[in-house]
file coords15.cif (mmCIF, C-alpha atoms and all ligand atoms)
data_input
#
loop_
_atom_site.group_PDB
_atom_site.id
_atom_site.type_symbol
_atom_site.label_atom_id
_atom_site.label_comp_id
_atom_site.auth_asym_id
_atom_site.auth_seq_id
_atom_site.Cartn_x
_atom_site.Cartn_y
_atom_site.Cartn_z
ATOM 1 C CA MET D 4 90.824 97.901 62.993
ATOM 2 C CA ALA D 5 91.405 95.412 65.802
ATOM 3 C CA ASP D 6 91.499 96.697 69.352
ATOM 4 C CA ALA D 7 94.853 97.749 70.772
ATOM 5 C CA ARG D 8 97.215 95.352 72.449
ATOM 6 C CA ILE D 9 96.801 95.796 76.211
ATOM 7 C CA ILE D 10 100.160 96.405 77.874
ATOM 8 C CA ASP D 11 100.013 94.291 81.019
ATOM 9 C CA GLY D 12 102.009 96.329 83.528
ATOM 10 C CA LYS D 13 100.858 94.140 86.387
ATOM 11 C CA ALA D 14 102.351 90.984 84.854
ATOM 12 C CA PHE D 15 105.519 92.821 83.759
ATOM 13 C CA ALA D 16 105.967 94.238 87.274
ATOM 14 C CA ALA D 17 105.386 90.823 88.876
ATOM 15 C CA ARG D 18 108.212 89.344 86.767
ATOM 16 C CA LEU D 19 110.503 92.258 87.613
ATOM 17 C CA ARG D 20 109.714 91.958 91.331
ATOM 18 C CA ALA D 21 110.442 88.217 91.286
ATOM 19 C CA GLU D 22 113.774 88.940 89.585
ATOM 20 C CA ILE D 23 114.627 91.592 92.196
ATOM 21 C CA ALA D 24 113.651 89.256 95.057
ATOM 22 C CA ALA D 25 115.976 86.568 93.632
ATOM 23 C CA LYS D 26 118.837 89.071 93.368
ATOM 24 C CA THR D 27 118.157 90.306 96.895
ATOM 25 C CA GLU D 28 118.392 86.746 98.155
ATOM 26 C CA ALA D 29 121.623 86.274 96.203
ATOM 27 C CA ILE D 30 123.406 89.285 97.758
ATOM 28 C CA LYS D 31 122.238 88.202 101.201
ATOM 29 C CA ALA D 32 123.718 84.740 100.637
ATOM 30 C CA SER D 33 126.962 85.974 99.065
ATOM 31 C CA HIS D 34 127.654 89.195 101.021
ATOM 32 C CA ASP D 35 125.197 89.201 103.955
ATOM 33 C CA ILE D 36 123.643 92.419 102.594
ATOM 34 C CA VAL D 37 119.945 93.128 103.158
ATOM 35 C CA PRO D 38 118.776 96.272 101.319
ATOM 36 C CA GLY D 39 116.761 98.698 103.465
ATOM 37 C CA LEU D 40 114.246 101.305 102.298
ATOM 38 C CA ALA D 41 112.990 104.118 104.549
ATOM 39 C CA THR D 42 109.657 105.664 103.617
ATOM 40 C CA VAL D 43 108.653 109.042 105.019
ATOM 41 C CA LEU D 44 105.035 110.152 104.991
ATOM 42 C CA VAL D 45 103.976 113.554 106.326
ATOM 43 C CA GLY D 46 100.292 114.081 107.084
ATOM 44 C CA GLU D 47 97.233 111.979 106.363
ATOM 45 C CA ASN D 48 96.572 112.190 102.628
ATOM 46 C CA PRO D 49 94.529 108.970 102.145
ATOM 47 C CA ALA D 50 95.962 108.209 98.686
ATOM 48 C CA SER D 51 99.539 108.734 99.915
ATOM 49 C CA GLU D 52 98.884 106.481 102.920
ATOM 50 C CA ILE D 53 97.806 103.691 100.562
ATOM 51 C CA TYR D 54 100.777 104.170 98.202
ATOM 52 C CA VAL D 55 103.280 104.132 101.060
ATOM 53 C CA ARG D 56 101.687 101.021 102.554
ATOM 54 C CA TYR D 57 101.936 99.261 99.149
ATOM 55 C CA LYS D 58 105.561 100.311 98.833
ATOM 56 C CA SER D 59 106.457 99.009 102.317
ATOM 57 C CA LYS D 60 104.675 95.702 101.692
ATOM 58 C CA ALA D 61 106.404 95.226 98.329
ATOM 59 C CA THR D 62 109.764 96.015 99.961
ATOM 60 C CA ARG D 63 109.267 93.282 102.576
ATOM 61 C CA GLU D 64 108.008 90.842 99.926
ATOM 62 C CA ALA D 65 111.250 91.402 97.984
ATOM 63 C CA GLY D 66 113.198 90.312 101.083
ATOM 64 C CA MET D 67 114.302 93.864 101.934
ATOM 65 C CA LEU D 68 113.924 95.830 105.149
ATOM 66 C CA SER D 69 111.242 98.508 105.312
ATOM 67 C CA PHE D 70 111.457 101.395 107.782
ATOM 68 C CA ALA D 71 108.263 103.469 107.851
ATOM 69 C CA HIS D 72 108.319 107.000 109.297
ATOM 70 C CA ASN D 73 104.867 108.535 109.559
ATOM 71 C CA LEU D 74 104.910 112.147 110.730
ATOM 72 C CA PRO D 75 102.028 114.467 111.617
ATOM 73 C CA GLU D 76 100.785 117.123 109.165
ATOM 74 C CA GLU D 77 102.161 119.952 111.327
ATOM 75 C CA THR D 78 105.745 118.624 111.222
ATOM 76 C CA ARG D 79 108.139 121.531 110.610
ATOM 77 C CA GLU D 80 110.488 121.452 107.624
ATOM 78 C CA THR D 81 113.485 121.569 110.009
ATOM 79 C CA GLU D 82 112.201 118.438 111.814
ATOM 80 C CA LEU D 83 111.826 116.590 108.513
ATOM 81 C CA LEU D 84 115.313 117.659 107.433
ATOM 82 C CA ALA D 85 116.685 116.417 110.778
ATOM 83 C CA LEU D 86 115.050 113.002 110.194
ATOM 84 C CA LEU D 87 116.576 112.849 106.692
ATOM 85 C CA ASP D 88 119.957 113.683 108.178
ATOM 86 C CA ARG D 89 119.629 110.706 110.542
ATOM 87 C CA LEU D 90 118.507 108.389 107.731
ATOM 88 C CA ASN D 91 121.393 109.588 105.522
ATOM 89 C CA GLY D 92 123.770 108.508 108.283
ATOM 90 C CA ASP D 93 122.068 105.167 109.018
ATOM 91 C CA ALA D 94 123.967 102.312 107.341
ATOM 92 C CA THR D 95 120.920 99.995 107.452
ATOM 93 C CA VAL D 96 119.025 102.448 105.223
ATOM 94 C CA ASN D 97 120.100 102.218 101.573
ATOM 95 C CA GLY D 98 117.175 104.071 100.037
ATOM 96 C CA ILE D 99 115.040 106.991 101.230
ATOM 97 C CA LEU D 100 111.650 107.928 99.809
ATOM 98 C CA VAL D 101 109.697 110.984 100.958
ATOM 99 C CA GLN D 102 106.161 110.579 99.646
ATOM 100 C CA LEU D 103 104.794 113.556 97.689
ATOM 101 C CA PRO D 104 102.830 115.758 97.863
ATOM 102 C CA LEU D 105 104.101 117.314 101.086
ATOM 103 C CA PRO D 106 102.060 119.784 103.145
ATOM 104 C CA GLY D 107 102.216 123.326 101.726
ATOM 105 C CA HIS D 108 104.550 124.682 104.445
ATOM 106 C CA ILE D 109 107.340 122.277 103.410
ATOM 107 C CA SER D 110 109.467 122.806 100.275
ATOM 108 C CA ALA D 111 109.494 119.589 98.228
ATOM 109 C CA GLN D 112 112.732 120.571 96.455
ATOM 110 C CA ALA D 113 114.527 121.441 99.730
ATOM 111 C CA VAL D 114 113.497 118.010 101.026
ATOM 112 C CA ALA D 115 114.561 116.216 97.834
ATOM 113 C CA ASP D 116 117.951 117.927 97.973
ATOM 114 C CA ALA D 117 118.436 116.926 101.634
ATOM 115 C CA VAL D 118 118.425 113.216 100.757
ATOM 116 C CA ASP D 119 121.905 111.765 100.183
ATOM 117 C CA PRO D 120 122.037 111.401 96.344
ATOM 118 C CA ALA D 121 123.408 107.861 96.832
ATOM 119 C CA LYS D 122 120.188 106.951 98.732
ATOM 120 C CA ASP D 123 117.841 108.978 96.500
ATOM 121 C CA VAL D 124 115.884 106.042 95.061
ATOM 122 C CA ASP D 125 113.214 108.463 93.801
ATOM 123 C CA GLY D 126 115.782 110.255 91.626
ATOM 124 C CA PHE D 127 114.475 113.669 92.690
ATOM 125 C CA HIS D 128 117.728 115.144 94.071
ATOM 126 C CA LEU D 129 119.192 117.913 91.931
ATOM 127 C CA ILE D 130 122.261 115.754 91.203
ATOM 128 C CA ASN D 131 120.220 112.787 89.970
ATOM 129 C CA ALA D 132 117.714 114.984 88.099
ATOM 130 C CA GLY D 133 120.595 116.893 86.464
ATOM 131 C CA GLY D 134 122.402 113.650 85.663
ATOM 132 C CA LEU D 135 119.375 112.369 83.783
ATOM 133 C CA VAL D 136 118.986 115.574 81.740
ATOM 134 C CA THR D 137 122.660 115.660 80.799
ATOM 135 C CA GLY D 138 122.601 111.915 80.052
ATOM 136 C CA GLY D 139 124.485 108.771 80.925
ATOM 137 C CA ARG D 140 125.642 109.734 84.430
ATOM 138 C CA GLY D 141 124.399 106.529 86.067
ATOM 139 C CA GLY D 142 122.296 108.301 88.718
ATOM 140 C CA PHE D 143 118.889 107.146 89.917
ATOM 141 C CA ILE D 144 116.031 107.403 87.430
ATOM 142 C CA PRO D 145 112.605 108.344 88.839
ATOM 143 C CA CYS D 146 110.465 105.238 89.244
ATOM 144 C CA THR D 147 107.359 106.089 87.207
ATOM 145 C CA PRO D 148 109.106 107.230 84.005
ATOM 146 C CA GLN D 149 111.557 104.338 84.376
ATOM 147 C CA GLY D 150 108.592 101.932 84.478
ATOM 148 C CA CYS D 151 106.937 103.654 81.497
ATOM 149 C CA MET D 152 110.130 103.261 79.483
ATOM 150 C CA MET D 153 110.293 99.540 80.275
ATOM 151 C CA LEU D 154 106.717 99.130 79.030
ATOM 152 C CA LEU D 155 107.466 101.121 75.866
ATOM 153 C CA LYS D 156 110.457 98.922 75.159
ATOM 154 C CA ALA D 157 108.295 95.850 75.538
ATOM 155 C CA VAL D 158 106.278 97.186 72.600
ATOM 156 C CA HIS D 159 109.000 98.855 70.467
ATOM 157 C CA ARG D 160 112.442 97.304 70.230
ATOM 158 C CA ASP D 161 113.751 100.626 68.892
ATOM 159 C CA LEU D 162 112.166 104.016 69.566
ATOM 160 C CA THR D 163 114.497 105.934 67.230
ATOM 161 C CA GLY D 164 112.774 108.643 65.236
ATOM 162 C CA LEU D 165 109.331 108.091 66.730
ATOM 163 C CA LYS D 166 107.317 111.177 67.669
ATOM 164 C CA ALA D 167 106.644 111.159 71.394
ATOM 165 C CA LEU D 168 104.239 113.486 73.154
ATOM 166 C CA VAL D 169 104.465 113.885 76.933
ATOM 167 C CA VAL D 170 101.364 115.513 78.385
ATOM 168 C CA GLY D 171 102.251 116.986 81.782
ATOM 169 C CA ARG D 172 105.436 118.736 82.900
ATOM 170 C CA SER D 173 105.887 117.541 86.489
ATOM 171 C CA ASN D 174 109.308 116.888 87.984
ATOM 172 C CA ILE D 175 108.090 113.427 89.047
ATOM 173 C CA VAL D 176 106.986 112.170 85.626
ATOM 174 C CA GLY D 177 106.785 114.592 82.669
ATOM 175 C CA LYS D 178 110.259 116.128 82.669
ATOM 176 C CA PRO D 179 112.249 112.934 83.415
ATOM 177 C CA MET D 180 110.063 111.046 80.912
ATOM 178 C CA ALA D 181 111.003 113.547 78.190
ATOM 179 C CA SER D 182 114.712 113.087 79.006
ATOM 180 C CA LEU D 183 114.401 109.294 78.790
ATOM 181 C CA LEU D 184 112.584 109.511 75.446
ATOM 182 C CA LEU D 185 115.243 111.876 74.090
ATOM 183 C CA GLY D 186 117.849 109.361 75.235
ATOM 184 C CA GLU D 187 116.081 106.782 73.041
ATOM 185 C CA ASN D 188 116.238 109.149 70.039
ATOM 186 C CA CYS D 189 112.562 110.077 69.975
ATOM 187 C CA THR D 190 111.413 113.453 68.696
ATOM 188 C CA VAL D 191 109.863 114.753 71.894
ATOM 189 C CA THR D 192 107.104 117.309 72.395
ATOM 190 C CA MET D 193 105.920 118.410 75.834
ATOM 191 C CA ALA D 194 102.340 119.513 76.271
ATOM 192 C CA HIS D 195 100.820 121.117 79.356
ATOM 193 C CA SER D 196 97.927 123.235 80.558
ATOM 194 C CA ARG D 197 98.913 126.158 78.275
ATOM 195 C CA THR D 198 99.317 124.059 75.108
ATOM 196 C CA ARG D 199 97.160 125.633 72.374
ATOM 197 C CA ASP D 200 95.791 122.608 70.540
ATOM 198 C CA LEU D 201 96.296 119.445 72.570
ATOM 199 C CA ALA D 202 94.122 117.352 70.230
ATOM 200 C CA GLU D 203 96.332 118.230 67.257
ATOM 201 C CA GLU D 204 99.528 117.465 69.207
ATOM 202 C CA CYS D 205 98.075 114.071 70.175
ATOM 203 C CA ARG D 206 97.152 113.255 66.560
ATOM 204 C CA GLN D 207 100.822 113.493 65.564
ATOM 205 C CA ALA D 208 102.203 111.277 68.320
ATOM 206 C CA ASP D 209 103.450 107.735 67.717
ATOM 207 C CA ILE D 210 103.934 107.524 71.487
ATOM 208 C CA LEU D 211 101.658 109.328 73.892
ATOM 209 C CA ILE D 212 102.458 109.578 77.607
ATOM 210 C CA ALA D 213 99.557 111.057 79.581
ATOM 211 C CA ALA D 214 100.685 112.331 82.985
ATOM 212 C CA VAL D 215 98.532 115.283 83.990
ATOM 213 C CA GLY D 216 96.168 113.831 86.573
ATOM 214 C CA GLN D 217 93.048 115.044 84.730
ATOM 215 C CA PRO D 218 90.583 112.176 84.393
ATOM 216 C CA ARG D 219 89.918 111.195 80.762
ATOM 217 C CA LEU D 220 91.371 114.419 79.374
ATOM 218 C CA ILE D 221 92.771 112.618 76.307
ATOM 219 C CA LYS D 222 89.951 111.592 73.988
ATOM 220 C CA GLY D 223 90.017 108.449 71.871
ATOM 221 C CA ALA D 224 89.416 110.526 68.725
ATOM 222 C CA TRP D 225 92.652 112.481 69.331
ATOM 223 C CA ILE D 226 94.865 109.393 69.162
ATOM 224 C CA LYS D 227 96.870 108.571 66.045
ATOM 225 C CA PRO D 228 95.820 105.145 64.721
ATOM 226 C CA GLY D 229 98.333 102.534 65.854
ATOM 227 C CA ALA D 230 99.978 104.771 68.473
ATOM 228 C CA THR D 231 101.316 103.438 71.775
ATOM 229 C CA VAL D 232 99.541 105.052 74.717
ATOM 230 C CA ILE D 233 100.887 105.041 78.282
ATOM 231 C CA ASP D 234 98.406 106.347 80.845
ATOM 232 C CA VAL D 235 100.077 107.534 84.051
ATOM 233 C CA GLY D 236 96.897 109.180 85.394
ATOM 234 C CA PHE D 237 95.514 107.797 88.628
ATOM 235 C CA THR D 238 92.807 110.069 89.991
ATOM 236 C CA ARG D 239 90.139 109.199 92.535
ATOM 237 C CA ILE D 240 86.731 110.280 91.286
ATOM 238 C CA GLU D 241 83.246 109.880 92.676
ATOM 239 C CA GLY D 242 80.958 107.591 90.645
ATOM 240 C CA ALA D 243 77.208 108.062 90.066
ATOM 241 C CA GLU D 244 76.346 106.243 93.309
ATOM 242 C CA GLY D 245 78.908 108.164 95.362
ATOM 243 C CA GLU D 246 81.431 105.324 95.156
ATOM 244 C CA ILE D 247 85.128 106.143 94.728
ATOM 245 C CA ARG D 248 86.648 105.007 91.435
ATOM 246 C CA LEU D 249 90.047 105.405 89.839
ATOM 247 C CA ALA D 250 90.310 107.172 86.510
ATOM 248 C CA GLY D 251 93.228 107.518 84.105
ATOM 249 C CA ASP D 252 94.057 110.555 81.965
ATOM 250 C CA VAL D 253 92.929 108.732 78.802
ATOM 251 C CA GLU D 254 89.414 107.887 77.677
ATOM 252 C CA PHE D 255 90.306 104.188 77.601
ATOM 253 C CA ALA D 256 87.096 102.720 76.129
ATOM 254 C CA GLU D 257 87.498 104.828 72.956
ATOM 255 C CA ALA D 258 91.302 104.935 72.870
ATOM 256 C CA VAL D 259 91.575 101.133 72.869
ATOM 257 C CA LYS D 260 89.764 101.070 69.496
ATOM 258 C CA VAL D 261 92.334 103.376 67.859
ATOM 259 C CA ALA D 262 95.694 102.796 69.557
ATOM 260 C CA GLY D 263 98.128 100.030 68.618
ATOM 261 C CA ALA D 264 98.994 99.354 72.262
ATOM 262 C CA ILE D 265 97.705 100.890 75.485
ATOM 263 C CA THR D 266 98.152 100.530 79.239
ATOM 264 C CA PRO D 267 95.035 99.748 81.270
ATOM 265 C CA MET D 268 94.259 101.561 84.518
ATOM 266 C CA PRO D 269 94.612 99.998 87.029
ATOM 267 C CA GLY D 270 97.175 97.345 86.101
ATOM 268 C CA GLY D 271 99.351 99.478 83.819
ATOM 269 C CA VAL D 272 101.909 101.973 85.079
ATOM 270 C CA GLY D 273 101.160 101.822 88.848
ATOM 271 C CA PRO D 274 102.678 98.370 89.516
ATOM 272 C CA MET D 275 105.745 99.353 87.480
ATOM 273 C CA THR D 276 106.436 102.351 89.741
ATOM 274 C CA ILE D 277 106.696 100.053 92.758
ATOM 275 C CA ALA D 278 108.826 97.474 90.949
ATOM 276 C CA CYS D 279 111.240 100.216 89.818
ATOM 277 C CA LEU D 280 111.459 101.536 93.377
ATOM 278 C CA LEU D 281 112.619 98.075 94.494
ATOM 279 C CA ARG D 282 115.036 97.972 91.570
ATOM 280 C CA ASN D 283 116.545 101.337 92.580
ATOM 281 C CA THR D 284 116.794 100.203 96.215
ATOM 282 C CA LEU D 285 118.674 97.038 95.212
ATOM 283 C CA ILE D 286 121.037 99.125 93.053
ATOM 284 C CA ALA D 287 121.553 101.592 95.936
ATOM 285 C CA ALA D 288 122.412 98.790 98.376
ATOM 286 C CA CYS D 289 124.892 97.191 95.957
ATOM 287 C CA ARG D 290 126.600 100.496 95.155
ATOM 288 C CA GLN D 291 126.887 101.457 98.818
ATOM 289 C CA SER D 292 128.545 98.092 99.520
ATOM 290 C CA GLY D 293 130.830 98.356 96.503
ATOM 291 C CA ILE D 294 129.477 95.214 94.833
ATOM 292 C CA GLU D 295 128.085 94.630 91.353
ATOM 293 C CA VAL D 296 124.320 94.327 90.983
ATOM 294 C CA PRO D 297 123.842 90.582 90.340
HETATM 295 N N1 LIG B 1 103.962 110.867 94.655
HETATM 296 C C1 LIG B 1 103.504 110.444 93.455
HETATM 297 N N2 LIG B 1 104.430 109.710 92.808
HETATM 298 C C2 LIG B 1 105.505 109.655 93.620
HETATM 299 C C3 LIG B 1 106.779 109.024 93.505
HETATM 300 O O1 LIG B 1 107.134 108.382 92.506
HETATM 301 N N3 LIG B 1 107.612 109.196 94.570
HETATM 302 C C4 LIG B 1 107.262 109.920 95.665
HETATM 303 N N4 LIG B 1 108.155 110.040 96.652
HETATM 304 N N5 LIG B 1 106.085 110.524 95.800
HETATM 305 C C5 LIG B 1 105.214 110.380 94.779
#
call {"tool": "encode", "arguments": {"input": "coords15.cif", "output": "C-alpha cells", "more": "lines below"}}
Ligand code: GUN
result
Amino acid sequence: MADARIIDGKAFAARLRAEIAAKTEAIKASHDIVPGLATVLVGENPASEIYVRYKSKATREAGMLSFAHNLPEETRETELLALLDRLNGDATVNGILVQLPLPGHISAQAVADAVDPAKDVDGFHLINAGGLVTGGRGGFIPCTPQGCMMLLKAVHRDLTGLKALVVGRSNIVGKPMASLLLGENCTVTMAHSRTRDLAEECRQADILIAAVGQPRLIKGAWIKPGATVIDVGFTRIEGAEGEIRLAGDVEFAEAVKVAGAITPMPGGVGPMTIACLLRNTLIAACRQSGIEVP
C-alpha cells in the first residue's frame, strides 16, 4: 500500500491566516475596528512562553493588536481574577487567552469562568463549553479541536457514519473534539488512561485523534488501514545526545505506511491552533461591534 497522504497543517493554516488578515484589514477600512487579543501567562513554563510568543506574533501579523500580560509564578488567584476583570471591561480587548497549564495554586476552571464569554476565544468558559456539547449555540469553539476538524474536512467531505476514536479526555482537546465529531454524525469513542485495550479500539477507528501527550503511544500496527490520523501530541523529549526534540502521540514512521492520511509533527495541528485563535478573535471583535464577519 502507498504511504499515507500527509495533511499539511502548516500550509492550510497559512491560507487561513492570510484570509483572516484580509478580513481584518477589511473591517479596519470599513468600520475602523482593529481586533485586540490579550494573552495572560503566569509563571515561566518554557513551552508556554514559546506558545504565547507565537500567538502574539501571529496576532500582530494578522493586523490585530496584541496585549501581553506576563505574571510571576507566585501570582495569587485573586490577582489574576482582578486582571481578567479589567480586561473584560477594556473595549480595546476583544479576546482573552489565559495560557494553560496554570500554577497548581490557581483553579483553571475558576479562571476560565472569569473571562467574559463574549471574549472567551479559547472556548473554555462554562457557557461556551456547554454550548458546544448541547450543539449549535454559536459560542466559541476551542482552537485545537476546531483546527483538527478543519483538517479532517479537508480529507473527508462528509464524516457521517465514520467511526472516530478520540484518545485523551482533556477539556482543551478531547472532550470538545468528541462533541465536534458527534456534530458531524460520527460514531464516537473516547479512550483514556483507563481504557482496557487501546490497540483494539484504534484498529476499529476510521478517524483517530491522538491527544494524550504521551510520545509515540499509538503504534503504527494499531492503525486501521486507510484511516485518517490526527496527531495533537506535542511533547518535548530528550534525544540520544541530550538534545530536545518534539514528539507526537503517534509512531509516525510506522503509521504513515498504514494510514490513508496523517498529520505530521511539527507542521500538522500546531499551526492550526494559532490560526483558529485568530479566527475566534476576529469573530469576537465583529460580534462585539455588532457587525457581520466579512
Ligand atoms: N495550553 C495548551 N493548549 C492551549 C490552548 O489551546 N489554550 C490555552 N489557553 N492554553 C493551552
call {"tool": "residues_near_ligand", "arguments": {"input": "coords15.cif", "ligand": "ligand LIG 1 (chain B)", "cutoff": "9 Å", "atoms": "all atoms listed in the file", "output": "PyMOL selection string"}}
result
chain D and resi 42-44+51+54-55+99-105+115+124-127+145-148+175-176+276-277+280
call {"tool": "resolve_selection", "arguments": {"input": "coords15.cif", "expression": "the PyMOL selection byres (((chain D and resi 227-229) around 10) and not hetatm)", "output": "mmCIF file with C-alpha atoms, in the coordinates of the input"}}
result
data_model
loop_
_atom_site.group_PDB
_atom_site.id
_atom_site.type_symbol
_atom_site.label_atom_id
_atom_site.label_comp_id
_atom_site.auth_asym_id
_atom_site.auth_seq_id
_atom_site.Cartn_x
_atom_site.Cartn_y
_atom_site.Cartn_z
ATOM 1 C CA MET D 4 90.824 97.901 62.993
ATOM 2 C CA ALA D 5 91.405 95.412 65.802
ATOM 3 C CA ASP D 6 91.499 96.697 69.352
ATOM 4 C CA ALA D 7 94.853 97.749 70.772
ATOM 5 C CA ARG D 8 97.215 95.352 72.449
ATOM 6 C CA GLU D 203 96.332 118.230 67.257
ATOM 7 C CA GLU D 204 99.528 117.465 69.207
ATOM 8 C CA CYS D 205 98.075 114.071 70.175
ATOM 9 C CA ARG D 206 97.152 113.255 66.560
ATOM 10 C CA GLN D 207 100.822 113.493 65.564
ATOM 11 C CA ALA D 208 102.203 111.277 68.320
ATOM 12 C CA ASP D 209 103.450 107.735 67.717
ATOM 13 C CA ILE D 210 103.934 107.524 71.487
ATOM 14 C CA LEU D 211 101.658 109.328 73.892
ATOM 15 C CA GLY D 223 90.017 108.449 71.871
ATOM 16 C CA ALA D 224 89.416 110.526 68.725
ATOM 17 C CA TRP D 225 92.652 112.481 69.331
ATOM 18 C CA ILE D 226 94.865 109.393 69.162
ATOM 19 C CA ALA D 230 99.978 104.771 68.473
ATOM 20 C CA THR D 231 101.316 103.438 71.775
ATOM 21 C CA VAL D 232 99.541 105.052 74.717
ATOM 22 C CA ALA D 258 91.302 104.935 72.870
ATOM 23 C CA VAL D 259 91.575 101.133 72.869
ATOM 24 C CA LYS D 260 89.764 101.070 69.496
ATOM 25 C CA VAL D 261 92.334 103.376 67.859
ATOM 26 C CA ALA D 262 95.694 102.796 69.557
ATOM 27 C CA GLY D 263 98.128 100.030 68.618
ATOM 28 C CA ALA D 264 98.994 99.354 72.262
ATOM 29 C CA ILE D 265 97.705 100.890 75.485
#
call {"tool": "resolve_selection", "arguments": {"input": "coords15.cif", "expression": "the PyMOL selection byres (((chain D and resi 86) around 12) and not hetatm)", "output": "number ranges by chain"}}
result
D: 41-45, 71-74, 78-85, 87-93, 99, 101, 114, 117-118
call {"tool": "write_last_selection", "arguments": {"input": "coords15.cif", "atoms": "C-alpha atoms", "output": "CSV table (one decimal), keeping the file's coordinate frame"}}
result
chain,number,residue,atom,x,y,z
D,41,ALA,CA,113.0,104.1,104.5
D,42,THR,CA,109.7,105.7,103.6
D,43,VAL,CA,108.7,109.0,105.0
D,44,LEU,CA,105.0,110.2,105.0
D,45,VAL,CA,104.0,113.6,106.3
D,71,ALA,CA,108.3,103.5,107.9
D,72,HIS,CA,108.3,107.0,109.3
D,73,ASN,CA,104.9,108.5,109.6
D,74,LEU,CA,104.9,112.1,110.7
D,78,THR,CA,105.7,118.6,111.2
D,79,ARG,CA,108.1,121.5,110.6
D,80,GLU,CA,110.5,121.5,107.6
D,81,THR,CA,113.5,121.6,110.0
D,82,GLU,CA,112.2,118.4,111.8
D,83,LEU,CA,111.8,116.6,108.5
D,84,LEU,CA,115.3,117.7,107.4
D,85,ALA,CA,116.7,116.4,110.8
D,87,LEU,CA,116.6,112.8,106.7
D,88,ASP,CA,120.0,113.7,108.2
D,89,ARG,CA,119.6,110.7,110.5
D,90,LEU,CA,118.5,108.4,107.7
D,91,ASN,CA,121.4,109.6,105.5
D,92,GLY,CA,123.8,108.5,108.3
D,93,ASP,CA,122.1,105.2,109.0
D,99,ILE,CA,115.0,107.0,101.2
D,101,VAL,CA,109.7,111.0,101.0
D,114,VAL,CA,113.5,118.0,101.0
D,117,ALA,CA,118.4,116.9,101.6
D,118,VAL,CA,118.4,113.2,100.8
call {"tool": "atom_distance", "arguments": {"input": "coords15.cif", "atom1": "atom CA of His159 of chain D", "atom2": "atom CA of Gly142 of chain D"}}
result
24.5 Å
call {"tool": "closest_residue", "arguments": {"input": "coords15.cif", "among": "D:Arg20, D:Gly46, D:Leu184, D:Cys151", "to": "His108 of chain D", "atoms": "only C-alpha atoms"}}
result
D:Gly46
call {"tool": "resolve_selection", "arguments": {"input": "coords15.cif", "expression": "the PyMOL selection byres (((chain D and resi 30) around 10) and not hetatm)", "output": "PyMOL selection string"}}
result
chain D and resi 25-29+31-38+285+288-289+294-297
call {"tool": "write_last_selection", "arguments": {"input": "coords15.cif", "atoms": "C-alpha atoms", "output": "mmCIF file, in the coordinates of the input"}}
result
data_model
loop_
_atom_site.group_PDB
_atom_site.id
_atom_site.type_symbol
_atom_site.label_atom_id
_atom_site.label_comp_id
_atom_site.auth_asym_id
_atom_site.auth_seq_id
_atom_site.Cartn_x
_atom_site.Cartn_y
_atom_site.Cartn_z
ATOM 1 C CA ALA D 25 115.976 86.568 93.632
ATOM 2 C CA LYS D 26 118.837 89.071 93.368
ATOM 3 C CA THR D 27 118.157 90.306 96.895
ATOM 4 C CA GLU D 28 118.392 86.746 98.155
ATOM 5 C CA ALA D 29 121.623 86.274 96.203
ATOM 6 C CA LYS D 31 122.238 88.202 101.201
ATOM 7 C CA ALA D 32 123.718 84.740 100.637
ATOM 8 C CA SER D 33 126.962 85.974 99.065
ATOM 9 C CA HIS D 34 127.654 89.195 101.021
ATOM 10 C CA ASP D 35 125.197 89.201 103.955
ATOM 11 C CA ILE D 36 123.643 92.419 102.594
ATOM 12 C CA VAL D 37 119.945 93.128 103.158
ATOM 13 C CA PRO D 38 118.776 96.272 101.319
ATOM 14 C CA LEU D 285 118.674 97.038 95.212
ATOM 15 C CA ALA D 288 122.412 98.790 98.376
ATOM 16 C CA CYS D 289 124.892 97.191 95.957
ATOM 17 C CA ILE D 294 129.477 95.214 94.833
ATOM 18 C CA GLU D 295 128.085 94.630 91.353
ATOM 19 C CA VAL D 296 124.320 94.327 90.983
ATOM 20 C CA PRO D 297 123.842 90.582 90.340
#
call {"tool": "axis_aligned_box", "arguments": {"input": "coords15.cif", "around": "segment 266-275 of chain D", "padding_each_side": "5 Å", "output": "JSON"}}
result
{"center_x": 100.0, "center_y": 99.7, "center_z": 84.4, "size_x": 21.5, "size_y": 14.6, "size_z": 20.3}
call {"tool": "residues_around", "arguments": {"input": "coords15.cif", "residues": "Glu64 of chain D", "least_positions_apart": "3", "cutoff": "9 Å", "atoms": "only C-alpha atoms", "output": "JSON, numbers by chain"}}
result
{"D": [20, 24, 59, 60, 61, 67]}
call {"tool": "closest_residue", "arguments": {"input": "coords15.cif", "among": "D:Asn283, D:Ser292, D:Ile10, D:Ala278", "to": "Tyr57 of chain D", "atoms": "all atoms listed in the file"}}
result
D:Ala278
call {"tool": "atom_distance", "arguments": {"input": "coords15.cif", "atom1": "atom CA of Arg248 of chain D", "atom2": "atom CA of Met275 of chain D"}}
result
20.3 Å
